[in-house]
file final_5.csv (CSV, C-alpha atoms)
chain,number,residue,atom,x,y,z
Z,1,MET,CA,1.7,-2.6,-65.2
Z,2,ALA,CA,-1.1,-4.7,-63.9
Z,3,ALA,CA,-3.6,-1.8,-64.2
Z,4,SER,CA,-2.4,-1.1,-67.8
Z,5,SER,CA,-2.8,-4.7,-68.7
Z,6,SER,CA,-6.3,-4.8,-67.3
Z,7,ARG,CA,-7.3,-1.7,-69.3
Z,8,GLN,CA,-5.9,-3.3,-72.5
Z,9,ARG,CA,-7.9,-6.5,-71.8
Z,10,ALA,CA,-11.0,-4.5,-71.2
Z,11,VAL,CA,-10.6,-2.6,-74.4
Z,12,ARG,CA,-10.1,-5.8,-76.4
Z,13,PHE,CA,-13.2,-7.3,-74.7
Z,14,SER,CA,-15.3,-4.2,-75.5
Z,15,LEU,CA,-14.3,-4.3,-79.1
Z,16,LEU,CA,-15.3,-8.0,-79.3
Z,17,LEU,CA,-18.6,-7.1,-77.6
Z,18,CYS,CA,-19.1,-4.4,-80.1
Z,19,VAL,CA,-18.5,-6.7,-83.1
Z,20,LEU,CA,-20.9,-9.3,-81.6
Z,21,THR,CA,-23.5,-6.7,-80.9
Z,22,SER,CA,-23.3,-5.3,-84.4
Z,23,GLY,CA,-23.6,-8.8,-85.9
Z,24,VAL,CA,-26.6,-9.8,-83.8
Z,25,SER,CA,-28.5,-6.5,-84.4
Z,26,SER,CA,-27.7,-6.6,-88.1
Z,27,GLY,CA,-29.2,-10.1,-88.3
Z,28,PHE,CA,-32.4,-8.8,-86.7
Z,29,ILE,CA,-32.5,-5.8,-89.0
Z,30,ASP,CA,-31.8,-7.8,-92.1
Z,31,SER,CA,-34.6,-10.2,-91.3
Z,32,GLY,CA,-37.0,-7.3,-91.5
Z,33,ASN,CA,-35.7,-6.5,-95.0
Z,34,GLU,CA,-36.6,-9.9,-96.4
Z,35,TYR,CA,-40.2,-9.1,-97.3
Z,36,ARG,CA,-40.5,-7.4,-100.6
Z,37,ARG,CA,-43.2,-6.4,-103.1
Z,38,LYS,CA,-43.0,-6.0,-106.9
Z,39,LEU,CA,-44.0,-2.5,-107.9
Z,40,SER,CA,-45.4,-1.3,-111.2
Z,41,MET,CA,-46.6,2.1,-112.3
Z,42,GLU,CA,-49.4,3.0,-114.7
Z,43,LEU,CA,-50.6,6.5,-115.6
Z,44,ASN,CA,-54.3,7.1,-116.2
Z,45,PRO,CA,-55.2,3.3,-116.4
Z,46,GLY,CA,-57.6,2.5,-119.2
Z,47,LEU,CA,-57.6,6.0,-120.6
Z,48,ASN,CA,-57.6,6.1,-124.4
Z,49,ALA,CA,-57.4,8.9,-127.0
Z,50,SER,CA,-61.1,8.7,-127.8
Z,51,ILE,CA,-62.0,10.3,-124.4
Z,52,SER,CA,-62.7,13.9,-124.9
Z,53,PRO,CA,-62.0,16.3,-123.3
Z,54,SER,CA,-58.7,15.2,-121.9
Z,55,PRO,CA,-58.6,15.0,-118.1
Z,56,PRO,CA,-57.6,18.2,-116.3
Z,57,GLY,CA,-55.5,16.2,-113.9
Z,58,ASP,CA,-53.9,12.8,-113.7
Z,59,LEU,CA,-54.4,9.5,-112.0
Z,60,LEU,CA,-51.3,7.4,-111.1
Z,61,HIS,CA,-51.8,3.8,-110.2
Z,62,VAL,CA,-48.9,2.0,-108.4
Z,63,ARG,CA,-49.5,-1.7,-108.0
Z,64,ALA,CA,-47.5,-3.4,-105.2
Z,65,LEU,CA,-47.7,-7.1,-105.7
Z,66,GLY,CA,-47.0,-9.4,-102.7
Z,67,ASP,CA,-46.9,-13.2,-102.3
Z,68,ASN,CA,-50.7,-13.5,-101.9
Z,69,ASP,CA,-52.0,-10.0,-101.8
Z,70,THR,CA,-51.9,-6.6,-103.6
Z,71,LEU,CA,-51.7,-3.0,-102.5
Z,72,HIS,CA,-53.1,-0.5,-104.9
Z,73,PHE,CA,-51.9,3.1,-104.4
Z,74,LEU,CA,-53.8,5.7,-106.4
Z,75,PHE,CA,-52.4,9.2,-106.5
Z,76,CYS,CA,-54.8,11.7,-108.1
Z,77,SER,CA,-54.9,15.5,-108.9
Z,78,GLN,CA,-58.6,15.6,-109.9
Z,79,GLY,CA,-59.6,18.2,-107.3
Z,80,ALA,CA,-57.6,18.2,-104.1
Z,81,PRO,CA,-54.6,16.0,-104.2
Z,82,THR,CA,-55.5,12.5,-102.8
Z,83,LEU,CA,-53.8,9.3,-102.1
Z,84,LEU,CA,-56.1,6.3,-102.0
Z,85,LEU,CA,-54.8,3.0,-100.7
Z,86,VAL,CA,-56.7,-0.3,-101.3
Z,87,HIS,CA,-55.5,-3.7,-99.9
Z,88,THR,CA,-56.8,-6.9,-101.5
Z,89,ASN,CA,-56.3,-10.5,-100.6
Z,90,THR,CA,-55.5,-11.6,-104.1
Z,91,THR,CA,-52.7,-11.1,-106.6
Z,92,THR,CA,-55.1,-10.7,-109.5
Z,93,SER,CA,-57.1,-7.6,-108.4
Z,94,ALA,CA,-57.3,-4.8,-110.8
Z,95,VAL,CA,-58.4,-1.1,-111.0
Z,96,GLN,CA,-61.3,-0.3,-113.4
Z,97,VAL,CA,-62.1,3.3,-114.3
Z,98,ASP,CA,-65.1,4.6,-116.1
Z,99,TRP,CA,-63.4,7.6,-117.5
Z,100,PRO,CA,-66.4,9.7,-118.8
Z,101,ALA,CA,-68.1,9.3,-115.4
Z,102,PHE,CA,-64.8,9.8,-113.5
Z,103,LEU,CA,-64.1,13.1,-115.2
Z,104,ALA,CA,-67.6,14.3,-114.5
Z,105,ARG,CA,-66.7,14.0,-110.8
Z,106,ASN,CA,-70.3,13.4,-109.7
Z,107,THR,CA,-70.7,9.7,-110.2
Z,108,THR,CA,-70.2,7.1,-107.4
Z,109,GLY,CA,-68.6,3.9,-108.5
Z,110,SER,CA,-66.7,5.3,-111.5
Z,111,LEU,CA,-63.5,3.9,-110.0
Z,112,ARG,CA,-63.5,0.3,-108.7
Z,113,VAL,CA,-61.0,-2.3,-107.5
Z,114,GLU,CA,-62.2,-5.7,-108.6
Z,115,PRO,CA,-63.1,-8.2,-107.5
Z,116,GLU,CA,-64.8,-6.1,-104.8
Z,117,ASN,CA,-65.1,-8.9,-102.3
Z,118,SER,CA,-61.3,-9.2,-102.3
Z,119,ILE,CA,-60.9,-5.8,-100.6
Z,120,LEU,CA,-59.5,-6.1,-97.0
Z,121,TYR,CA,-59.0,-2.5,-96.2
Z,122,SER,CA,-59.1,0.9,-97.9
Z,123,SER,CA,-58.4,4.5,-96.9
Z,124,ALA,CA,-57.7,7.9,-98.6
Z,125,LEU,CA,-55.7,10.8,-97.4
Z,126,VAL,CA,-56.9,14.2,-98.9
Z,127,PHE,CA,-54.8,17.4,-98.8
Z,128,SER,CA,-57.7,19.8,-98.7
Z,129,ARG,CA,-56.6,23.2,-97.6
Z,130,LEU,CA,-53.6,25.4,-96.7
Z,131,TRP,CA,-54.3,27.8,-93.9
Z,132,GLU,CA,-52.2,31.0,-93.4
Z,133,TYR,CA,-52.5,33.1,-90.3
Z,134,ASP,CA,-50.9,36.2,-88.9
Z,135,ASP,CA,-49.2,35.2,-85.7
Z,136,VAL,CA,-48.6,38.7,-84.3
Z,137,ASN,CA,-48.1,37.5,-80.7
Z,138,ASP,CA,-45.8,34.7,-81.8
Z,139,THR,CA,-47.8,31.9,-80.1
Z,140,ALA,CA,-47.7,29.4,-83.1
Z,141,ASP,CA,-51.1,28.2,-81.7
Z,142,PRO,CA,-53.7,28.7,-84.4
Z,143,GLU,CA,-56.4,27.0,-82.3
Z,144,GLY,CA,-56.2,29.9,-79.8
Z,145,LEU,CA,-56.3,32.7,-82.3
Z,146,PRO,CA,-59.4,34.7,-83.2
Z,147,PRO,CA,-60.9,34.3,-86.7
Z,148,SER,CA,-59.6,37.7,-87.7
Z,149,SER,CA,-56.0,36.3,-87.6
Z,150,PHE,CA,-56.7,34.0,-90.5
Z,151,LEU,CA,-56.4,34.9,-94.1
Z,152,PRO,CA,-58.6,33.2,-96.7
Z,153,PRO,CA,-57.4,29.6,-97.1
Z,154,TYR,CA,-55.9,28.2,-100.2
Z,155,GLU,CA,-58.4,25.6,-101.5
Z,156,LEU,CA,-56.3,22.9,-103.1
Z,157,GLN,CA,-59.3,21.6,-105.1
Z,158,HIS,CA,-59.1,24.8,-107.1
Z,159,PHE,CA,-55.4,24.6,-107.9
Z,160,ALA,CA,-54.0,24.0,-111.4
Z,161,TRP,CA,-51.7,21.0,-111.0
Z,162,SER,CA,-48.8,20.1,-113.2
Z,163,ARG,CA,-49.1,17.0,-115.4
Z,164,LEU,CA,-47.4,13.7,-114.6
Z,165,ASP,CA,-45.0,13.1,-117.5
Z,166,ASN,CA,-41.3,12.3,-118.1
Z,167,ARG,CA,-40.2,15.3,-116.1
Z,168,THR,CA,-42.2,14.5,-113.0
Z,169,LEU,CA,-42.4,10.7,-113.1
Z,170,ASP,CA,-39.5,8.4,-112.1
Z,171,PRO,CA,-40.5,4.8,-112.8
Z,172,THR,CA,-37.1,3.6,-111.5
Z,173,GLY,CA,-37.3,5.5,-108.2
Z,174,ARG,CA,-41.1,4.9,-108.0
Z,175,THR,CA,-41.7,8.6,-107.5
Z,176,ALA,CA,-44.2,11.1,-108.9
Z,177,ARG,CA,-44.3,14.9,-108.3
Z,178,LEU,CA,-47.2,17.3,-108.5
Z,179,CYS,CA,-46.8,21.1,-108.3
Z,180,GLY,CA,-49.6,23.6,-108.5
Z,181,ASP,CA,-50.9,27.0,-107.7
Z,182,ASP,CA,-54.2,28.9,-107.7
Z,183,GLY,CA,-53.1,31.7,-110.0
Z,184,SER,CA,-53.1,34.3,-107.2
Z,185,PRO,CA,-50.3,36.9,-107.0
Z,186,GLY,CA,-48.7,35.1,-104.1
Z,187,PHE,CA,-47.9,32.2,-106.4
Z,188,THR,CA,-46.3,34.3,-109.1
Z,189,ASN,CA,-42.9,32.7,-108.4
Z,190,GLY,CA,-44.0,30.0,-106.0
Z,191,SER,CA,-45.7,26.6,-105.8
Z,192,LEU,CA,-47.0,24.0,-103.5
Z,193,CYS,CA,-45.7,20.5,-104.4
Z,194,LEU,CA,-46.4,16.9,-103.3
Z,195,GLN,CA,-44.1,14.0,-104.1
Z,196,PHE,CA,-45.3,10.4,-103.9
Z,197,SER,CA,-42.8,7.5,-103.3
Z,198,GLY,CA,-43.5,3.8,-103.4
Z,199,PHE,CA,-41.3,1.2,-101.8
Z,200,GLU,CA,-40.5,-2.4,-102.5
Z,201,ALA,CA,-38.9,-3.2,-99.1
Z,202,GLU,CA,-37.8,-1.7,-95.8
Z,203,GLY,CA,-35.5,1.2,-95.8
Z,204,ARG,CA,-35.1,4.9,-95.1
Z,205,ASP,CA,-35.2,8.1,-97.2
Z,206,GLN,CA,-31.8,9.8,-97.6
Z,207,SER,CA,-33.0,13.3,-96.4
Z,208,TRP,CA,-34.5,14.3,-93.1
Z,209,PRO,CA,-36.6,13.3,-91.3
Z,210,ARG,CA,-35.5,9.9,-92.7
Z,211,LEU,CA,-38.7,8.1,-91.9
Z,212,LEU,CA,-38.5,4.3,-91.7
Z,213,HIS,CA,-40.6,2.7,-94.4
Z,214,ASN,CA,-41.5,-0.9,-95.4
Z,215,ALA,CA,-43.1,-2.7,-98.3
Z,216,ASN,CA,-46.6,-1.9,-96.9
Z,217,SER,CA,-46.2,1.8,-97.0
Z,218,SER,CA,-45.8,4.8,-99.2
Z,219,GLN,CA,-44.6,8.3,-98.6
Z,220,ILE,CA,-45.8,11.8,-99.4
Z,221,ARG,CA,-43.5,14.8,-99.1
Z,222,VAL,CA,-45.2,18.2,-99.1
Z,223,TRP,CA,-43.4,21.5,-99.6
Z,224,ILE,CA,-44.2,25.2,-100.1
Z,225,ASP,CA,-41.5,27.0,-102.1
Z,226,GLY,CA,-41.5,30.7,-102.9
Z,227,LEU,CA,-45.1,31.5,-101.9
Z,228,LEU,CA,-45.3,35.1,-100.9
Z,229,PRO,CA,-46.6,35.6,-97.4
Z,230,ARG,CA,-49.7,37.8,-97.0
Z,231,ALA,CA,-48.8,39.0,-93.5
Z,232,ASN,CA,-45.6,40.1,-91.7
Z,233,HIS,CA,-45.9,37.2,-89.2
Z,234,SER,CA,-47.2,34.4,-91.4
Z,235,ARG,CA,-47.3,30.8,-90.3
Z,236,PHE,CA,-49.1,27.9,-92.0
Z,237,SER,CA,-51.3,24.9,-91.2
Z,238,LEU,CA,-52.2,22.1,-93.6
Z,239,GLU,CA,-55.7,20.6,-93.4
Z,240,LEU,CA,-55.9,16.8,-93.9
Z,241,GLN,CA,-59.0,14.7,-94.4
Z,242,ALA,CA,-58.9,10.9,-93.8
Z,243,VAL,CA,-61.6,9.0,-95.6
Z,244,GLY,CA,-62.2,5.3,-94.9
Z,245,GLY,CA,-64.6,2.5,-95.4
Z,246,ALA,CA,-65.7,0.5,-92.3
Z,247,TYR,CA,-62.6,1.6,-90.3
Z,248,PRO,CA,-61.5,5.2,-90.9
Z,249,LEU,CA,-58.5,6.7,-89.2
Z,250,ASP,CA,-59.8,7.9,-85.9
Z,251,ARG,CA,-57.1,8.5,-83.4
Z,252,VAL,CA,-53.5,9.8,-83.2
Z,253,GLU,CA,-50.9,7.9,-81.1
Z,254,VAL,CA,-47.7,9.6,-80.0
Z,255,LEU,CA,-44.8,7.3,-79.4
Z,256,ARG,CA,-41.6,8.4,-77.6
Z,257,SER,CA,-38.0,7.2,-77.9
Z,258,ILE,CA,-34.6,7.9,-76.5
Z,259,ASP,CA,-33.0,7.7,-79.9
Z,260,ASP,CA,-32.7,10.7,-82.3
Z,261,GLU,CA,-30.0,9.2,-84.5
Z,262,TYR,CA,-32.0,9.5,-87.8
Z,263,THR,CA,-33.9,12.8,-86.9
Z,264,PRO,CA,-31.7,14.9,-84.7
Z,265,SER,CA,-33.5,16.4,-81.6
Z,266,ILE,CA,-36.8,14.6,-82.4
Z,267,PHE,CA,-37.7,11.9,-79.9
Z,268,LYS,CA,-41.4,11.3,-81.0
Z,269,VAL,CA,-43.3,9.8,-83.8
Z,270,SER,CA,-47.0,10.4,-84.4
Z,271,GLN,CA,-49.4,8.0,-86.1
Z,272,TRP,CA,-53.0,8.5,-87.2
Z,273,VAL,CA,-54.4,4.9,-87.1
Z,274,SER,CA,-57.5,2.9,-87.7
Z,275,SER,CA,-58.6,-0.2,-85.7
Z,276,PRO,CA,-61.6,-2.5,-85.5
Z,277,ALA,CA,-64.3,-1.4,-83.1
Z,278,ASN,CA,-63.6,-4.3,-80.7
Z,279,SER,CA,-59.7,-4.2,-80.8
Z,280,SER,CA,-57.8,-0.9,-80.4
Z,281,SER,CA,-54.5,-2.8,-80.3
Z,282,THR,CA,-55.0,-4.1,-83.9
Z,283,ILE,CA,-54.0,-1.5,-86.4
Z,284,LEU,CA,-55.4,-1.9,-89.9
Z,285,GLY,CA,-54.0,1.2,-91.6
Z,286,PHE,CA,-51.9,4.3,-90.6
Z,287,THR,CA,-50.6,7.7,-91.5
Z,288,GLN,CA,-47.3,8.3,-89.7
Z,289,TRP,CA,-45.0,11.4,-89.3
Z,290,LYS,CA,-42.4,12.8,-87.1
Z,291,PRO,CA,-43.4,16.2,-85.6
Z,292,VAL,CA,-40.8,18.2,-87.5
Z,293,ALA,CA,-40.7,20.3,-90.7
Z,294,TYR,CA,-37.8,22.0,-92.4
Z,295,ARG,CA,-37.3,25.6,-93.6
Z,296,ARG,CA,-34.9,24.8,-96.4
Z,297,ALA,CA,-34.7,22.3,-99.3
Z,298,ASP,CA,-31.3,21.1,-98.1
Z,299,PRO,CA,-31.6,21.7,-94.4
Z,300,VAL,CA,-29.0,21.8,-91.6
Z,301,PHE,CA,-29.9,21.2,-88.0
Z,302,GLU,CA,-30.9,24.8,-87.4
Z,303,ASP,CA,-33.5,24.7,-90.2
Z,304,ALA,CA,-35.7,22.2,-88.3
Z,305,THR,CA,-38.9,23.5,-86.8
Z,306,PRO,CA,-41.3,21.4,-84.7
Z,307,CYS,CA,-44.9,20.9,-85.8
Z,308,HIS,CA,-48.0,19.8,-84.0
Z,309,HIS,CA,-51.4,18.4,-84.9
Z,310,SER,CA,-54.9,19.1,-83.7
Z,311,THR,CA,-57.2,16.5,-82.4
Z,312,PRO,CA,-58.9,14.5,-85.2
Z,313,VAL,CA,-62.6,15.3,-85.5
Z,314,PRO,CA,-65.3,13.5,-87.4
Z,315,LEU,CA,-66.6,15.5,-90.4
Z,316,SER,CA,-70.3,15.0,-90.8
Z,317,GLN,CA,-70.5,16.9,-94.1
Z,318,PRO,CA,-67.0,16.8,-95.6
Z,319,ALA,CA,-66.6,19.1,-98.6
Z,320,PRO,CA,-66.6,17.2,-102.0
Z,321,VAL,CA,-63.0,18.3,-102.6
Z,322,SER,CA,-61.7,15.1,-104.1
Z,323,GLY,CA,-62.8,13.5,-107.3
Z,324,LEU,CA,-61.1,10.3,-106.4
Z,325,VAL,CA,-63.0,10.0,-103.1
Z,326,ARG,CA,-66.3,10.6,-104.8
Z,327,ALA,CA,-65.6,8.1,-107.5
Z,328,PHE,CA,-64.5,5.3,-105.1
Z,329,TYR,CA,-66.5,5.9,-101.8
Z,330,GLY,CA,-69.6,7.8,-102.9
Z,331,THR,CA,-71.1,10.9,-101.4
Z,332,GLU,CA,-71.2,10.1,-97.6
Z,333,PRO,CA,-68.0,8.3,-96.6
Z,334,ALA,CA,-66.8,8.2,-93.0
Z,335,THR,CA,-64.3,11.2,-92.8
Z,336,THR,CA,-62.2,12.6,-90.0
Z,337,GLY,CA,-60.0,15.7,-90.3
Z,338,LEU,CA,-57.1,17.4,-88.5
Z,339,ASN,CA,-54.8,20.3,-89.0
Z,340,MET,CA,-51.0,20.1,-89.1
Z,341,SER,CA,-49.5,23.3,-87.8
Z,342,PHE,CA,-45.9,24.2,-88.5
Z,343,SER,CA,-43.4,26.0,-86.1
Z,344,ILE,CA,-43.5,26.9,-82.5
Z,345,ALA,CA,-43.4,30.1,-80.5
Z,346,GLY,CA,-40.0,31.8,-80.9
Z,347,ASP,CA,-39.1,30.1,-84.2
Z,348,PRO,CA,-38.6,32.3,-87.3
Z,349,PHE,CA,-41.7,33.1,-89.3
Z,350,TYR,CA,-42.3,31.7,-92.8
Z,351,ASN,CA,-40.9,34.8,-94.5
Z,352,ALA,CA,-37.4,34.0,-93.1
Z,353,THR,CA,-36.9,31.5,-95.9
Z,354,ASN,CA,-40.2,31.3,-97.9
Z,355,TYR,CA,-39.9,27.6,-97.7
Z,356,LEU,CA,-41.5,24.8,-95.7
Z,357,ARG,CA,-41.3,21.0,-96.1
Z,358,TRP,CA,-43.1,18.1,-94.3
Z,359,THR,CA,-43.1,14.3,-94.8
Z,360,VAL,CA,-45.7,11.6,-94.0
Z,361,LEU,CA,-46.1,7.9,-94.5
Z,362,VAL,CA,-49.3,6.1,-95.5
Z,363,GLY,CA,-49.7,2.4,-95.3
Z,364,VAL,CA,-51.5,-0.7,-94.1
Z,365,GLY,CA,-51.0,-2.9,-91.1
Z,366,PRO,CA,-48.8,-1.9,-88.1
Z,367,PRO,CA,-46.7,1.2,-88.7
Z,368,PRO,CA,-42.9,0.8,-89.0
Z,369,VAL,CA,-41.2,1.1,-85.6
Z,370,ASP,CA,-37.7,2.6,-85.2
Z,371,SER,CA,-35.1,0.6,-83.4
Z,372,PHE,CA,-31.5,1.2,-82.4
Z,373,SER,CA,-29.0,0.9,-85.2
Z,374,PRO,CA,-25.9,-1.4,-84.9
Z,375,LEU,CA,-23.8,1.7,-84.3
Z,376,VAL,CA,-25.9,2.9,-81.4
Z,377,LEU,CA,-26.0,-0.6,-79.9
Z,378,CYS,CA,-22.2,-0.8,-80.2
Z,379,ILE,CA,-21.7,2.6,-78.5
Z,380,MET,CA,-24.1,1.5,-75.7
Z,381,ALA,CA,-22.3,-1.8,-75.3
Z,382,VAL,CA,-18.9,-0.1,-75.0
Z,383,GLY,CA,-20.1,2.7,-72.8
Z,384,LEU,CA,-21.9,0.5,-70.4
Z,385,GLY,CA,-19.7,-2.6,-70.6
Z,386,THR,CA,-16.2,-1.0,-70.4
Z,387,PRO,CA,-16.6,0.5,-66.8
Z,388,LEU,CA,-18.0,-2.8,-65.5
Z,389,ILE,CA,-15.2,-4.8,-67.1
Z,390,LEU,CA,-12.6,-2.4,-65.6
Z,391,ILE,CA,-14.0,-2.7,-62.1
Z,392,LEU,CA,-14.1,-6.5,-62.3
Z,393,LEU,CA,-10.5,-6.8,-63.7
Z,394,GLY,CA,-9.2,-4.2,-61.3
Z,395,GLY,CA,-10.7,-6.2,-58.4
Z,396,VAL,CA,-9.1,-9.4,-59.6
Z,397,CYS,CA,-5.7,-7.7,-60.0
Z,398,VAL,CA,-5.8,-6.2,-56.5
Z,399,CYS,CA,-6.6,-9.6,-55.0
Z,400,ILE,CA,-3.8,-11.3,-56.9
Z,401,ARG,CA,-1.3,-8.6,-55.9
Z,402,LYS,CA,-2.2,-8.8,-52.2
Z,403,ARG,CA,-1.7,-12.5,-52.2
Z,404,ALA,CA,1.7,-12.2,-54.0
Z,405,THR,CA,3.0,-9.6,-51.5
Z,406,SER,CA,1.5,-10.9,-48.2
Z,407,PRO,CA,4.2,-11.4,-45.4
Z,408,PRO,CA,5.1,-14.9,-44.1
Z,409,PRO,CA,3.3,-16.1,-41.0
Z,410,ALA,CA,4.8,-15.0,-37.6
Z,411,TYR,CA,5.0,-18.6,-36.2
Z,412,GLU,CA,6.3,-21.8,-37.8
Z,413,PRO,CA,4.4,-25.0,-37.3
Z,414,ILE,CA,6.1,-27.6,-35.0
Z,415,ASN,CA,6.4,-31.0,-36.5
call {"tool": "encode", "arguments": {"input": "final_5.csv", "output": "structure tokens"}}
result
Amino acid sequence: MAASSSRQRAVRFSLLLCVLTSGVSSGFIDSGNEYRRKLSMELNPGLNASISPSPPGDLLHVRALGDNDTLHFLFCSQGAPTLLLVHTNTTTSAVQVDWPAFLARNTTGSLRVEPENSILYSSALVFSRLWEYDDVNDTADPEGLPPSSFLPPYELQHFAWSRLDNRTLDPTGRTARLCGDDGSPGFTNGSLCLQFSGFEAEGRDQSWPRLLHNANSSQIRVWIDGLLPRANHSRFSLELQAVGGAYPLDRVEVLRSIDDEYTPSIFKVSQWVSSPANSSSTILGFTQWKPVAYRRADPVFEDATPCHHSTPVPLSQPAPVSGLVRAFYGTEPATTGLNMSFSIAGDPFYNATNYLRWTVLVGVGPPPVDSFSPLVLCIMAVGLGTPLILILLGGVCVCIRKRATSPPPAYEPIN
């Protein structure tokens, strides 16, 4: 009976500990949700009907207004798809576009954020090429393959991209979707798509990998759907170029965790960051992802496939693949590049599903950091606390029982 009572008290105490843990952790998490920005979307800012010819692609401007600063996200399909992020120290900064010069794609300064002296930080992420290679030996290591294993790359600057309109823009959800192809036979029933998402506050996407975002970040989801492979053992790599002003993205940090609650079986997060020359601990901007891609649009656990990145390298003569980069930065901006390779040795090849999806965050300031959820903290509290409580209560009960059943002394004292 005593042991049973001890267990009941331990269970009640563990439940109380769980409630207290959930409340405290929820308080910490809620405090991170307090910072919000006010978002607005504008398509082709300043463009009027007198401009001829009409632009072959679109320029989406998402303005994220803070208490005393502004983030300008510019998502453009003039050439290779590009996301430009500009952070200013004022709430009155504005985007100015000289449309005839911008459409010519050979004029520096045709897109400006004014006042220019309000700019604190800027960077651009360019999706420049899609590489396909024949992985006959199933190594999933494109850096170790001979050039003959690679097929001609898909140059995204030459793709015909869908227009941003009522079908592809969602002002309520702050999303915009681009889909395109190069007209080759492989894209007869296929496409390559990118979806931009802006955020007012901290939260998570509802689909894997459920990256944690905040009000200083945006998200790009990239997927290939229905592209016909050109080899029997096709795998893909996506080439990314990071363009910056004084502080471009220059190194990739890999952080490890013991928690895979939001992205099952993935215990790492990678972030491509920029820092001042004299302080590597200060992060000005970032591109963040989890090293996982998915082989179906609605994946289950088995559809996850790891991905890995190459070492970022400076590009002394980057190809002029982005009209937006040329318009804002000029002809010789500081640029670094890396390749994101999907799948590992032993995983199914691309032709198993003819689908591949990967997600990345782009933002300013320190990247979001995952923490244990209240549920995980509660489980840890119960799992670690219950055995300790049982041991303590059991020891107390044993001591009490021994005292209650101890025999009388053998000798009586003499008065």
call {"tool": "residues_around", "arguments": {"input": "final_5.csv", "residues": "Z:Pro142", "least_positions_apart": "6", "cutoff": "9 Å", "atoms": "all atoms listed in the file", "output": "VMD selection string"}}
result
chain Z and resid 133 135 149 to 150 235 to 237 341
call {"tool": "closest_atom_pairs", "arguments": {"input": "final_5.csv", "of": "stretch 141-202 of chain Z", "to": "stretch 104-126 of chain Z", "cutoff": "12 Å", "atoms": "only C-alpha atoms", "output": "JSON lines"}}
result
{"residue": "Z:Glu155", "atom": "CA", "partner": "Z:Val126", "partner_atom": "CA", "distance": 11.8}
{"residue": "Z:Leu156", "atom": "CA", "partner": "Z:Val126", "partner_atom": "CA", "distance": 9.7}
{"residue": "Z:Gln157", "atom": "CA", "partner": "Z:Val126", "partner_atom": "CA", "distance": 9.9}
{"residue": "Z:Leu194", "atom": "CA", "partner": "Z:Val126", "partner_atom": "CA", "distance": 11.7}
call {"tool": "closest_residue", "arguments": {"input": "final_5.csv", "among": "Z:Ser257, Z:Ser40, Z:Thr188, Z:Thr70", "to": "Z:Ala94", "atoms": "only C-alpha atoms"}}
result
Z:Thr70
call {"tool": "residues_around", "arguments": {"input": "final_5.csv", "residues": "Z:Asp170", "least_positions_apart": "2", "cutoff": "12 Å", "atoms": "all atoms listed in the file", "output": "number ranges by chain"}}
result
Z: 40-43, 60, 62, 164-168, 172-177, 195-198
call {"tool": "residues_around", "arguments": {"input": "final_5.csv", "residues": "Z:Pro152", "least_positions_apart": "5", "cutoff": "12 Å", "atoms": "all atoms listed in the file", "output": "PDB file with C-alpha atoms, keeping the file's coordinate frame"}}
result
ATOM      1  CA  ARG Z 129     -56.600  23.200 -97.600  1.00  0.00           C
ATOM      2  CA  LEU Z 130     -53.600  25.400 -96.700  1.00  0.00           C
ATOM      3  CA  TRP Z 131     -54.300  27.800 -93.900  1.00  0.00           C
ATOM      4  CA  GLU Z 132     -52.200  31.000 -93.400  1.00  0.00           C
ATOM      5  CA  TYR Z 133     -52.500  33.100 -90.300  1.00  0.00           C
ATOM      6  CA  ASP Z 134     -50.900  36.200 -88.900  1.00  0.00           C
ATOM      7  CA  PRO Z 147     -60.900  34.300 -86.700  1.00  0.00           C
ATOM      8  CA  SER Z 184     -53.100  34.300-107.200  1.00  0.00           C
ATOM      9  CA  ARG Z 230     -49.700  37.800 -97.000  1.00  0.00           C
ATOM     10  CA  ALA Z 231     -48.800  39.000 -93.500  1.00  0.00           C
ATOM     11  CA  PHE Z 236     -49.100  27.900 -92.000  1.00  0.00           C
TER      12      PHE Z 236
END
call {"tool": "closest_residue", "arguments": {"input": "final_5.csv", "among": "Z:Ile51, Z:Leu393, Z:Val369, Z:Ala304", "to": "Z:Asp259", "atoms": "only C-alpha atoms"}}
result
Z:Val369
call {"tool": "atom_distance", "arguments": {"input": "final_5.csv", "atom1": "atom CA of Z:Ala101", "atom2": "atom CA of Z:Pro333"}}
result
18.8 Å
